[in-house]
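A.B. asks: Dropping in upload-v2.cif, which is mmCIF, N, CA and C atoms:
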```
data_target
#
loop_
_atom_site.label_atom_id
_atom_site.label_comp_id
_atom_site.auth_asym_id
_atom_site.auth_seq_id
_atom_site.Cartn_x
_atom_site.Cartn_y
_atom_site.Cartn_z
N MET A 10 8.55 3.22 16.42
CA MET A 10 9.31 3.12 15.18
C MET A 10 8.55 3.77 14.02
N PHE A 11 7.24 3.51 13.91
CA PHE A 11 6.44 4.07 12.84
C PHE A 11 6.44 5.59 12.92
N ASP A 12 6.36 6.14 14.14
CA ASP A 12 6.39 7.59 14.31
C ASP A 12 7.73 8.17 13.87
N ASP A 13 8.81 7.46 14.12
CA ASP A 13 10.14 7.91 13.68
C ASP A 13 10.22 7.96 12.16
N LEU A 14 9.66 6.96 11.51
CA LEU A 14 9.66 6.91 10.06
C LEU A 14 8.81 8.03 9.48
N ARG A 15 7.65 8.26 10.05
CA ARG A 15 6.77 9.34 9.59
C ARG A 15 7.46 10.69 9.75
N GLU A 16 8.17 10.87 10.86
CA GLU A 16 8.89 12.13 11.10
C GLU A 16 10.00 12.31 10.07
N LEU A 17 10.70 11.24 9.75
CA LEU A 17 11.75 11.30 8.74
C LEU A 17 11.15 11.68 7.38
N TYR A 18 10.04 11.06 7.01
CA TYR A 18 9.39 11.37 5.75
C TYR A 18 8.97 12.84 5.71
N GLN A 19 8.44 13.35 6.81
CA GLN A 19 8.04 14.75 6.87
C GLN A 19 9.25 15.66 6.69
N GLU A 20 10.39 15.28 7.27
CA GLU A 20 11.61 16.07 7.14
C GLU A 20 12.08 16.10 5.68
N VAL A 21 11.98 14.97 5.00
CA VAL A 21 12.38 14.90 3.59
C VAL A 21 11.48 15.80 2.75
N ILE A 22 10.19 15.74 2.99
CA ILE A 22 9.24 16.58 2.25
C ILE A 22 9.53 18.06 2.50
N LEU A 23 9.74 18.42 3.76
CA LEU A 23 10.05 19.83 4.07
C LEU A 23 11.37 20.27 3.46
N ASP A 24 12.36 19.40 3.47
CA ASP A 24 13.65 19.75 2.87
C ASP A 24 13.49 20.03 1.37
N HIS A 25 12.79 19.15 0.67
CA HIS A 25 12.60 19.34 -0.77
C HIS A 25 11.72 20.55 -1.07
N SER A 26 10.78 20.86 -0.20
CA SER A 26 9.91 22.01 -0.47
C SER A 26 10.61 23.33 -0.16
N LYS A 27 11.47 23.34 0.85
CA LYS A 27 12.19 24.57 1.21
C LYS A 27 13.41 24.79 0.32
N ARG A 28 14.02 23.70 -0.13
CA ARG A 28 15.21 23.78 -0.98
C ARG A 28 15.02 22.85 -2.18
N PRO A 29 14.08 23.21 -3.05
CA PRO A 29 13.79 22.32 -4.18
C PRO A 29 15.00 22.16 -5.11
N ARG A 30 15.20 20.94 -5.52
CA ARG A 30 16.25 20.64 -6.48
C ARG A 30 15.74 20.95 -7.88
N ASN A 31 16.63 21.42 -8.72
CA ASN A 31 16.32 21.69 -10.14
C ASN A 31 15.22 22.74 -10.31
N PHE A 32 15.17 23.70 -9.41
CA PHE A 32 14.19 24.79 -9.49
C PHE A 32 14.80 25.88 -10.36
N ARG A 33 14.52 25.79 -11.66
CA ARG A 33 15.10 26.72 -12.62
C ARG A 33 14.43 26.54 -13.97
N HIS A 34 14.71 27.44 -14.89
CA HIS A 34 14.22 27.34 -16.26
C HIS A 34 15.42 27.20 -17.18
N PRO A 35 15.77 25.98 -17.55
CA PRO A 35 16.92 25.79 -18.43
C PRO A 35 16.63 26.31 -19.83
N GLU A 36 17.58 27.05 -20.36
CA GLU A 36 17.37 27.65 -21.68
C GLU A 36 17.36 26.62 -22.80
N ASP A 37 17.97 25.46 -22.58
CA ASP A 37 18.04 24.45 -23.64
C ASP A 37 16.92 23.41 -23.56
N ALA A 38 15.91 23.65 -22.73
CA ALA A 38 14.79 22.71 -22.64
C ALA A 38 14.07 22.67 -23.99
N ASN A 39 13.74 21.46 -24.45
CA ASN A 39 13.03 21.33 -25.73
C ASN A 39 11.62 20.76 -25.57
N HIS A 40 11.20 20.55 -24.32
CA HIS A 40 9.83 20.15 -24.00
C HIS A 40 9.44 20.85 -22.71
N GLU A 41 8.23 21.37 -22.67
CA GLU A 41 7.77 21.98 -21.42
C GLU A 41 6.25 21.94 -21.37
N ALA A 42 5.74 22.01 -20.16
CA ALA A 42 4.29 22.04 -19.95
C ALA A 42 3.99 22.75 -18.64
N HIS A 43 2.85 23.38 -18.62
CA HIS A 43 2.36 24.09 -17.44
C HIS A 43 1.26 23.26 -16.81
N GLY A 44 1.33 23.08 -15.50
CA GLY A 44 0.29 22.35 -14.77
C GLY A 44 -0.34 23.25 -13.74
N TYR A 45 -1.65 23.09 -13.57
CA TYR A 45 -2.39 23.94 -12.64
C TYR A 45 -3.42 23.10 -11.90
N ASN A 46 -3.49 23.30 -10.59
CA ASN A 46 -4.49 22.64 -9.76
C ASN A 46 -5.46 23.71 -9.26
N PRO A 47 -6.62 23.84 -9.88
CA PRO A 47 -7.55 24.90 -9.50
C PRO A 47 -8.15 24.75 -8.10
N LEU A 48 -8.07 23.56 -7.53
CA LEU A 48 -8.62 23.36 -6.18
C LEU A 48 -7.81 24.09 -5.12
N CYS A 49 -6.49 24.15 -5.32
CA CYS A 49 -5.66 24.78 -4.29
C CYS A 49 -4.79 25.91 -4.84
N GLY A 50 -4.72 26.03 -6.15
CA GLY A 50 -3.93 27.10 -6.75
C GLY A 50 -2.49 26.73 -7.05
N ASP A 51 -2.09 25.48 -6.79
CA ASP A 51 -0.73 25.07 -7.12
C ASP A 51 -0.51 25.21 -8.62
N THR A 52 0.68 25.67 -8.98
CA THR A 52 1.03 25.82 -10.38
C THR A 52 2.48 25.38 -10.58
N VAL A 53 2.75 24.74 -11.69
CA VAL A 53 4.09 24.26 -11.97
C VAL A 53 4.36 24.30 -13.47
N ASN A 54 5.58 24.67 -13.81
CA ASN A 54 6.07 24.56 -15.18
C ASN A 54 7.20 23.55 -15.15
N VAL A 55 7.09 22.52 -15.97
CA VAL A 55 8.11 21.48 -16.04
C VAL A 55 8.86 21.65 -17.36
N TYR A 56 10.18 21.59 -17.26
CA TYR A 56 11.06 21.77 -18.41
C TYR A 56 11.91 20.52 -18.58
N LEU A 57 11.94 19.98 -19.78
CA LEU A 57 12.72 18.79 -20.07
C LEU A 57 13.64 19.02 -21.25
N LYS A 58 14.81 18.45 -21.19
CA LYS A 58 15.70 18.40 -22.34
C LYS A 58 15.76 16.93 -22.72
N MET A 59 15.10 16.62 -23.82
CA MET A 59 15.06 15.25 -24.31
C MET A 59 16.13 15.08 -25.37
N GLY A 60 16.98 14.08 -25.21
CA GLY A 60 18.03 13.81 -26.17
C GLY A 60 17.49 13.05 -27.37
N HIS A 61 18.27 13.04 -28.42
CA HIS A 61 17.88 12.31 -29.64
C HIS A 61 17.82 10.81 -29.39
N ASN A 62 18.50 10.37 -28.35
CA ASN A 62 18.52 8.95 -28.01
C ASN A 62 17.33 8.55 -27.13
N GLY A 63 16.40 9.49 -26.87
CA GLY A 63 15.22 9.20 -26.07
C GLY A 63 15.41 9.36 -24.58
N LEU A 64 16.61 9.77 -24.16
CA LEU A 64 16.86 9.96 -22.74
C LEU A 64 16.51 11.37 -22.30
N ILE A 65 16.08 11.46 -21.06
CA ILE A 65 15.83 12.76 -20.44
C ILE A 65 17.19 13.24 -19.93
N GLU A 66 17.77 14.20 -20.62
CA GLU A 66 19.09 14.68 -20.27
C GLU A 66 19.04 15.69 -19.12
N ASP A 67 17.94 16.42 -19.03
CA ASP A 67 17.78 17.40 -17.95
C ASP A 67 16.30 17.54 -17.64
N ALA A 68 16.00 17.83 -16.40
CA ALA A 68 14.63 18.06 -15.95
C ALA A 68 14.67 19.14 -14.89
N ALA A 69 13.76 20.10 -14.99
CA ALA A 69 13.70 21.20 -14.04
C ALA A 69 12.26 21.67 -13.94
N PHE A 70 12.02 22.53 -12.96
CA PHE A 70 10.68 23.06 -12.79
C PHE A 70 10.73 24.42 -12.12
N GLU A 71 9.65 25.14 -12.27
CA GLU A 71 9.39 26.37 -11.53
C GLU A 71 7.93 26.33 -11.14
N GLY A 72 7.58 26.97 -10.05
CA GLY A 72 6.19 27.01 -9.66
C GLY A 72 6.00 27.44 -8.23
N LYS A 73 4.72 27.47 -7.86
CA LYS A 73 4.32 27.81 -6.49
C LYS A 73 3.30 26.78 -6.05
N GLY A 74 3.39 26.42 -4.77
CA GLY A 74 2.42 25.47 -4.27
C GLY A 74 2.75 25.05 -2.86
N CYS A 75 2.03 24.06 -2.42
CA CYS A 75 2.21 23.54 -1.06
C CYS A 75 3.49 22.72 -0.98
N ALA A 76 3.84 22.32 0.23
CA ALA A 76 5.06 21.55 0.46
C ALA A 76 5.04 20.23 -0.32
N ILE A 77 3.91 19.57 -0.38
CA ILE A 77 3.82 18.29 -1.08
C ILE A 77 4.04 18.48 -2.58
N SER A 78 3.42 19.49 -3.14
CA SER A 78 3.56 19.76 -4.56
C SER A 78 5.01 20.07 -4.94
N LEU A 79 5.64 20.95 -4.18
CA LEU A 79 7.03 21.32 -4.47
C LEU A 79 7.99 20.16 -4.22
N ALA A 80 7.79 19.43 -3.14
CA ALA A 80 8.66 18.29 -2.85
C ALA A 80 8.55 17.22 -3.93
N SER A 81 7.34 16.95 -4.36
CA SER A 81 7.13 15.94 -5.40
C SER A 81 7.81 16.36 -6.71
N ALA A 82 7.66 17.63 -7.08
CA ALA A 82 8.30 18.13 -8.30
C ALA A 82 9.82 18.04 -8.19
N SER A 83 10.34 18.39 -7.04
CA SER A 83 11.78 18.34 -6.81
C SER A 83 12.30 16.91 -6.94
N MET A 84 11.63 15.97 -6.28
CA MET A 84 12.04 14.57 -6.35
C MET A 84 11.91 14.02 -7.76
N MET A 85 10.82 14.40 -8.43
CA MET A 85 10.59 13.92 -9.79
C MET A 85 11.75 14.33 -10.71
N THR A 86 12.17 15.60 -10.63
CA THR A 86 13.23 16.05 -11.54
C THR A 86 14.53 15.30 -11.28
N GLU A 87 14.80 14.96 -10.04
CA GLU A 87 16.01 14.19 -9.74
C GLU A 87 15.90 12.77 -10.29
N ILE A 88 14.75 12.17 -10.14
CA ILE A 88 14.55 10.77 -10.48
C ILE A 88 14.52 10.52 -11.98
N ILE A 89 13.90 11.41 -12.75
CA ILE A 89 13.72 11.12 -14.18
C ILE A 89 14.95 11.44 -15.03
N LYS A 90 15.88 12.21 -14.50
CA LYS A 90 17.11 12.48 -15.28
C LYS A 90 17.83 11.18 -15.58
N GLY A 91 18.18 11.03 -16.85
CA GLY A 91 18.89 9.82 -17.27
C GLY A 91 17.98 8.65 -17.62
N LYS A 92 16.69 8.84 -17.41
CA LYS A 92 15.73 7.79 -17.75
C LYS A 92 15.19 8.03 -19.17
N THR A 93 14.65 6.99 -19.77
CA THR A 93 13.96 7.15 -21.05
C THR A 93 12.55 7.67 -20.78
N GLU A 94 11.91 8.14 -21.82
CA GLU A 94 10.53 8.58 -21.69
C GLU A 94 9.65 7.45 -21.16
N ALA A 95 9.82 6.25 -21.69
CA ALA A 95 9.02 5.10 -21.24
C ALA A 95 9.28 4.79 -19.76
N GLN A 96 10.52 4.84 -19.33
CA GLN A 96 10.84 4.58 -17.92
C GLN A 96 10.19 5.63 -17.02
N ALA A 97 10.27 6.90 -17.41
CA ALA A 97 9.68 7.98 -16.61
C ALA A 97 8.18 7.81 -16.50
N LYS A 98 7.53 7.44 -17.59
CA LYS A 98 6.07 7.26 -17.56
C LYS A 98 5.68 6.03 -16.74
N THR A 99 6.49 5.00 -16.78
CA THR A 99 6.21 3.81 -15.96
C THR A 99 6.32 4.15 -14.48
N ILE A 100 7.35 4.91 -14.12
CA ILE A 100 7.50 5.33 -12.73
C ILE A 100 6.31 6.18 -12.32
N PHE A 101 5.88 7.10 -13.18
CA PHE A 101 4.72 7.95 -12.88
C PHE A 101 3.47 7.11 -12.68
N ASP A 102 3.24 6.14 -13.55
CA ASP A 102 2.05 5.28 -13.40
C ASP A 102 2.04 4.57 -12.06
N GLY A 103 3.17 4.01 -11.67
CA GLY A 103 3.26 3.32 -10.38
C GLY A 103 3.13 4.28 -9.21
N PHE A 104 3.76 5.43 -9.33
CA PHE A 104 3.68 6.44 -8.28
C PHE A 104 2.24 6.91 -8.08
N GLN A 105 1.54 7.13 -9.18
CA GLN A 105 0.16 7.58 -9.10
C GLN A 105 -0.71 6.54 -8.40
N LYS A 106 -0.51 5.27 -8.71
CA LYS A 106 -1.26 4.20 -8.03
C LYS A 106 -0.92 4.15 -6.54
N LEU A 107 0.35 4.39 -6.22
CA LEU A 107 0.78 4.38 -4.82
C LEU A 107 0.07 5.48 -4.03
N VAL A 108 0.11 6.72 -4.52
CA VAL A 108 -0.47 7.82 -3.75
C VAL A 108 -2.00 7.81 -3.75
N LYS A 109 -2.59 7.10 -4.71
CA LYS A 109 -4.04 6.94 -4.70
C LYS A 109 -4.48 5.76 -3.82
N GLY A 110 -3.51 4.98 -3.36
CA GLY A 110 -3.83 3.82 -2.53
C GLY A 110 -4.30 2.63 -3.34
N GLU A 111 -4.00 2.61 -4.63
CA GLU A 111 -4.44 1.53 -5.51
C GLU A 111 -3.45 0.38 -5.57
N ASP A 112 -2.20 0.64 -5.19
CA ASP A 112 -1.18 -0.41 -5.27
C ASP A 112 -0.06 -0.10 -4.28
N ASP A 113 0.07 -0.92 -3.26
CA ASP A 113 1.12 -0.73 -2.26
C ASP A 113 2.41 -1.44 -2.66
N ASN A 114 2.41 -2.14 -3.77
CA ASN A 114 3.59 -2.87 -4.23
C ASN A 114 4.36 -2.08 -5.28
N PHE A 115 4.47 -0.80 -5.05
CA PHE A 115 5.17 0.11 -5.96
C PHE A 115 6.63 -0.29 -6.07
N ASP A 116 7.12 -0.38 -7.30
CA ASP A 116 8.53 -0.72 -7.52
C ASP A 116 9.09 0.16 -8.62
N ALA A 117 9.90 1.11 -8.22
CA ALA A 117 10.58 1.98 -9.17
C ALA A 117 12.09 1.75 -9.08
N GLY A 118 12.46 0.52 -8.78
CA GLY A 118 13.87 0.18 -8.68
C GLY A 118 14.54 0.96 -7.56
N ASP A 119 15.67 1.55 -7.87
CA ASP A 119 16.44 2.30 -6.88
C ASP A 119 15.70 3.53 -6.35
N ASP A 120 14.70 3.99 -7.07
CA ASP A 120 13.97 5.20 -6.68
C ASP A 120 12.74 4.93 -5.82
N THR A 121 12.43 3.67 -5.58
CA THR A 121 11.23 3.31 -4.82
C THR A 121 11.22 3.97 -3.44
N GLU A 122 12.28 3.79 -2.69
CA GLU A 122 12.32 4.30 -1.33
C GLU A 122 12.18 5.82 -1.29
N ARG A 123 12.78 6.50 -2.24
CA ARG A 123 12.70 7.96 -2.28
C ARG A 123 11.26 8.44 -2.47
N LEU A 124 10.52 7.74 -3.31
CA LEU A 124 9.14 8.16 -3.57
C LEU A 124 8.17 7.70 -2.49
N MET A 125 8.56 6.73 -1.70
CA MET A 125 7.69 6.24 -0.63
C MET A 125 7.40 7.32 0.41
N VAL A 126 8.24 8.36 0.48
CA VAL A 126 7.99 9.43 1.45
C VAL A 126 6.66 10.12 1.17
N LEU A 127 6.16 10.00 -0.06
CA LEU A 127 4.89 10.63 -0.41
C LEU A 127 3.71 9.66 -0.34
N ALA A 128 3.94 8.42 0.05
CA ALA A 128 2.88 7.41 0.09
C ALA A 128 1.76 7.78 1.05
N GLY A 129 2.08 8.52 2.11
CA GLY A 129 1.07 8.91 3.09
C GLY A 129 -0.02 9.81 2.54
N VAL A 130 0.21 10.37 1.36
CA VAL A 130 -0.78 11.24 0.72
C VAL A 130 -2.09 10.50 0.49
N LYS A 131 -2.01 9.18 0.32
CA LYS A 131 -3.22 8.40 0.06
C LYS A 131 -4.26 8.54 1.19
N GLU A 132 -3.80 8.93 2.37
CA GLU A 132 -4.72 9.14 3.49
C GLU A 132 -5.47 10.46 3.37
N PHE A 133 -5.05 11.30 2.44
CA PHE A 133 -5.67 12.62 2.23
C PHE A 133 -5.95 12.80 0.74
N PRO A 134 -7.07 12.27 0.26
CA PRO A 134 -7.36 12.27 -1.18
C PRO A 134 -7.25 13.63 -1.87
N MET A 135 -7.54 14.70 -1.16
CA MET A 135 -7.43 16.03 -1.78
C MET A 135 -5.97 16.38 -2.08
N ARG A 136 -5.02 15.74 -1.42
CA ARG A 136 -3.60 16.04 -1.61
C ARG A 136 -2.95 15.22 -2.72
N VAL A 137 -3.67 14.21 -3.22
CA VAL A 137 -3.13 13.38 -4.31
C VAL A 137 -2.82 14.25 -5.52
N LYS A 138 -3.69 15.19 -5.82
CA LYS A 138 -3.46 16.07 -6.97
C LYS A 138 -2.24 16.94 -6.75
N CYS A 139 -1.95 17.30 -5.51
CA CYS A 139 -0.75 18.07 -5.20
C CYS A 139 0.50 17.24 -5.51
N ALA A 140 0.47 15.98 -5.10
CA ALA A 140 1.63 15.10 -5.27
C ALA A 140 1.86 14.72 -6.72
N THR A 141 0.83 14.71 -7.54
CA THR A 141 0.97 14.24 -8.93
C THR A 141 0.98 15.37 -9.96
N LEU A 142 0.79 16.60 -9.54
CA LEU A 142 0.71 17.72 -10.50
C LEU A 142 1.94 17.79 -11.41
N ALA A 143 3.12 17.83 -10.84
CA ALA A 143 4.33 17.94 -11.65
C ALA A 143 4.51 16.72 -12.55
N TRP A 144 4.11 15.56 -12.07
CA TRP A 144 4.22 14.34 -12.86
C TRP A 144 3.30 14.39 -14.08
N HIS A 145 2.09 14.90 -13.88
CA HIS A 145 1.17 15.08 -15.02
C HIS A 145 1.77 16.07 -16.02
N ALA A 146 2.36 17.15 -15.52
CA ALA A 146 2.97 18.14 -16.40
C ALA A 146 4.15 17.52 -17.16
N MET A 147 4.94 16.70 -16.49
CA MET A 147 6.05 16.02 -17.14
C MET A 147 5.55 15.14 -18.27
N SER A 148 4.51 14.37 -18.01
CA SER A 148 3.94 13.49 -19.02
C SER A 148 3.39 14.29 -20.18
N SER A 149 2.71 15.39 -19.88
CA SER A 149 2.17 16.25 -20.93
C SER A 149 3.28 16.86 -21.78
N ALA A 150 4.37 17.28 -21.14
CA ALA A 150 5.49 17.84 -21.87
C ALA A 150 6.05 16.82 -22.85
N MET A 151 6.17 15.58 -22.41
CA MET A 151 6.67 14.53 -23.29
C MET A 151 5.72 14.28 -24.46
N ASP A 152 4.42 14.43 -24.21
CA ASP A 152 3.42 14.18 -25.24
C ASP A 152 3.22 15.37 -26.17
N GLY A 153 3.89 16.49 -25.87
CA GLY A 153 3.76 17.68 -26.72
C GLY A 153 2.64 18.62 -26.32
N ALA A 154 1.94 18.30 -25.24
CA ALA A 154 0.90 19.21 -24.74
C ALA A 154 1.58 20.27 -23.89
N GLU A 155 1.07 21.49 -23.93
CA GLU A 155 1.72 22.55 -23.19
C GLU A 155 1.04 22.90 -21.87
N GLU A 156 -0.15 22.35 -21.64
CA GLU A 156 -0.86 22.71 -20.42
C GLU A 156 -1.74 21.57 -19.97
N ILE A 157 -1.80 21.39 -18.65
CA ILE A 157 -2.69 20.40 -18.06
C ILE A 157 -3.34 21.01 -16.83
N SER A 158 -4.48 20.46 -16.47
CA SER A 158 -5.16 20.87 -15.25
C SER A 158 -5.56 19.60 -14.53
N THR A 159 -5.61 19.67 -13.21
CA THR A 159 -6.01 18.51 -12.44
C THR A 159 -7.53 18.34 -12.38
N GLU A 160 -8.25 19.23 -12.99
CA GLU A 160 -9.72 19.12 -13.01
C GLU A 160 -10.15 18.06 -13.97
#
```
Output the file's structure in the form of structure tokens.

C.D. replies:
Amino acid sequence: MFDDLRELYQEVILDHSKRPRNFRHPEDANHEAHGYNPLCGDTVNVYLKMGHNGLIEDAAFEGKGCAISLASASMMTEIIKGKTEAQAKTIFDGFQKLVKGEDDNFDAGDDTERLMVLAGVKEFPMRVKCATLAWHAMSSAMDGAEEISTE
């Protein structure tokens, strides 16, 4: 059973990396940030359209990287749409603890199961930065910073 679940998770990661959702540069984005992981060369630009009501109306990204990096960015853009800045940052904080192996009781509401596909990254510490790169860029974009590095 565990092997079946692991295989399913791998399929989800491959699907998101081969056919990333929201892979585009929206012209109406009003927040953006560039993220770079110098250890592996992954790079991502995250674009957000933040509404006056504090909601993330749109989220997209462009970049190059490994399957984990692209899949995580793809899932992130789907998950944070319609969320407030505070909700998105709370999900990121929990997700980061999950992939670092610091907290297995991750709860992102309806999005928990979707993000659990990346939980196995905790077994490979060098890949944690791949999984969190887009999330760091998203947080930086919200904070008004235009660039982040995983170093």

A.B. asks: Taking only N, CA and C atoms into account, produce a table as a tab-separated table in which each residue of region 19-117 of chain A with an atom at most 6.5 Å from an atom of region 135-145 of chain A appears once, together with its shortest atom pair and the distance in Å to one decimal, ordered by chain and rising number.

C.D. replies:
```
residue	atom	partner	partner_atom	distance
A:Gly44	CA	A:Leu142	C	5.9
A:Val53	CA	A:Ala143	CA	6.3
A:Ile77	C	A:Cys139	C	4.8
A:Ser78	CA	A:Cys139	C	4.1
A:Leu79	N	A:Cys139	C	6.5
A:Ser81	CA	A:Ala140	CA	5.6
A:Ala82	CA	A:Ala143	CA	5.2
A:Phe101	CA	A:Trp144	CA	6.4
A:Val108	C	A:Val137	CA	5.7
A:Lys109	N	A:Val137	CA	6.3
```

A.B. asks: How close does region 50-136 of chain A get to region 30-34 of chain A? List, as CSV, each residue of region 50-136 of chain A within 5 Å, its nearest atom pair and the distance in Å to one decimal, counting all atoms listed in the file.

C.D. replies:
```
residue,atom,partner,partner_atom,distance
A:Ala69,CA,A:Asn31,C,4.3
A:Phe70,C,A:Arg33,N,4.1
A:Glu71,N,A:Arg33,N,5.0
A:Ser83,CA,A:Arg30,N,4.5
```

A.B. asks: Residues picked by the PyMOL selection byres ((chain A and resi 57) around 5) here, as a PDB file with N, CA and C atoms, keeping the file's coordinate frame?

C.D. replies:
```
ATOM      1  N   ALA A  38      15.910  23.650 -22.730  1.00  0.00           N
ATOM      2  CA  ALA A  38      14.790  22.710 -22.640  1.00  0.00           C
ATOM      3  C   ALA A  38      14.070  22.670 -23.990  1.00  0.00           C
ATOM      4  N   ASN A  39      13.740  21.460 -24.450  1.00  0.00           N
ATOM      5  CA  ASN A  39      13.030  21.330 -25.730  1.00  0.00           C
ATOM      6  C   ASN A  39      11.620  20.760 -25.570  1.00  0.00           C
ATOM      7  N   HIS A  40      11.200  20.550 -24.320  1.00  0.00           N
ATOM      8  CA  HIS A  40       9.830  20.150 -24.000  1.00  0.00           C
ATOM      9  C   HIS A  40       9.440  20.850 -22.710  1.00  0.00           C
ATOM     10  N   GLU A  41       8.230  21.370 -22.670  1.00  0.00           N
ATOM     11  CA  GLU A  41       7.770  21.980 -21.420  1.00  0.00           C
ATOM     12  C   GLU A  41       6.250  21.940 -21.370  1.00  0.00           C
ATOM     13  N   VAL A  55       7.090  22.520 -15.970  1.00  0.00           N
ATOM     14  CA  VAL A  55       8.110  21.480 -16.040  1.00  0.00           C
ATOM     15  C   VAL A  55       8.860  21.650 -17.360  1.00  0.00           C
ATOM     16  N   TYR A  56      10.180  21.590 -17.260  1.00  0.00           N
ATOM     17  CA  TYR A  56      11.060  21.770 -18.410  1.00  0.00           C
ATOM     18  C   TYR A  56      11.910  20.520 -18.580  1.00  0.00           C
ATOM     19  N   LYS A  58      14.810  18.450 -21.190  1.00  0.00           N
ATOM     20  CA  LYS A  58      15.700  18.400 -22.340  1.00  0.00           C
ATOM     21  C   LYS A  58      15.760  16.930 -22.720  1.00  0.00           C
ATOM     22  N   MET A  59      15.100  16.620 -23.820  1.00  0.00           N
ATOM     23  CA  MET A  59      15.060  15.250 -24.310  1.00  0.00           C
ATOM     24  C   MET A  59      16.130  15.080 -25.370  1.00  0.00           C
ATOM     25  N   ASP A  67      17.940  16.420 -19.030  1.00  0.00           N
ATOM     26  CA  ASP A  67      17.780  17.400 -17.950  1.00  0.00           C
ATOM     27  C   ASP A  67      16.300  17.540 -17.640  1.00  0.00           C
ATOM     28  N   ALA A  68      16.000  17.830 -16.400  1.00  0.00           N
ATOM     29  CA  ALA A  68      14.630  18.060 -15.950  1.00  0.00           C
ATOM     30  C   ALA A  68      14.670  19.140 -14.890  1.00  0.00           C
TER      31      ALA A  68
END
```

A.B. asks: Return the single residue from A:Lys27, A:Arg15, A:His43, A:Lys106 that is closest to Glu155 (chain A), with distances computed using only C-alpha atoms.

C.D. replies: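 Closest to Glu155 (chain A) of all the choices is A:His43.
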
A.B. asks: Please indicate the distance in Å from CA of Tyr18 (chain A) to CA of Met125 (chain A), rounded to one decimal place.

C.D. replies: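 Separation of CA of Tyr18 (chain A) and CA of Met125 (chain A): 8.4 Å.
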
A.B. asks: Considering only C-alpha atoms, can you say which of A:Ala128, A:Gly91, A:Ala146, A:Gly153 comes closest to Thr52 (chain A)?

C.D. replies: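 Ranked by minimum distance to Thr52 (chain A), first place goes to A:Ala146.
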
A.B. asks: Take CA of Val130 (chain A) and CA of Ala42 (chain A) and report the distance between them in Å, one decimal.

C.D. replies: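 Going from CA of Val130 (chain A) over to CA of Ala42 (chain A), I get 23.9 Å.
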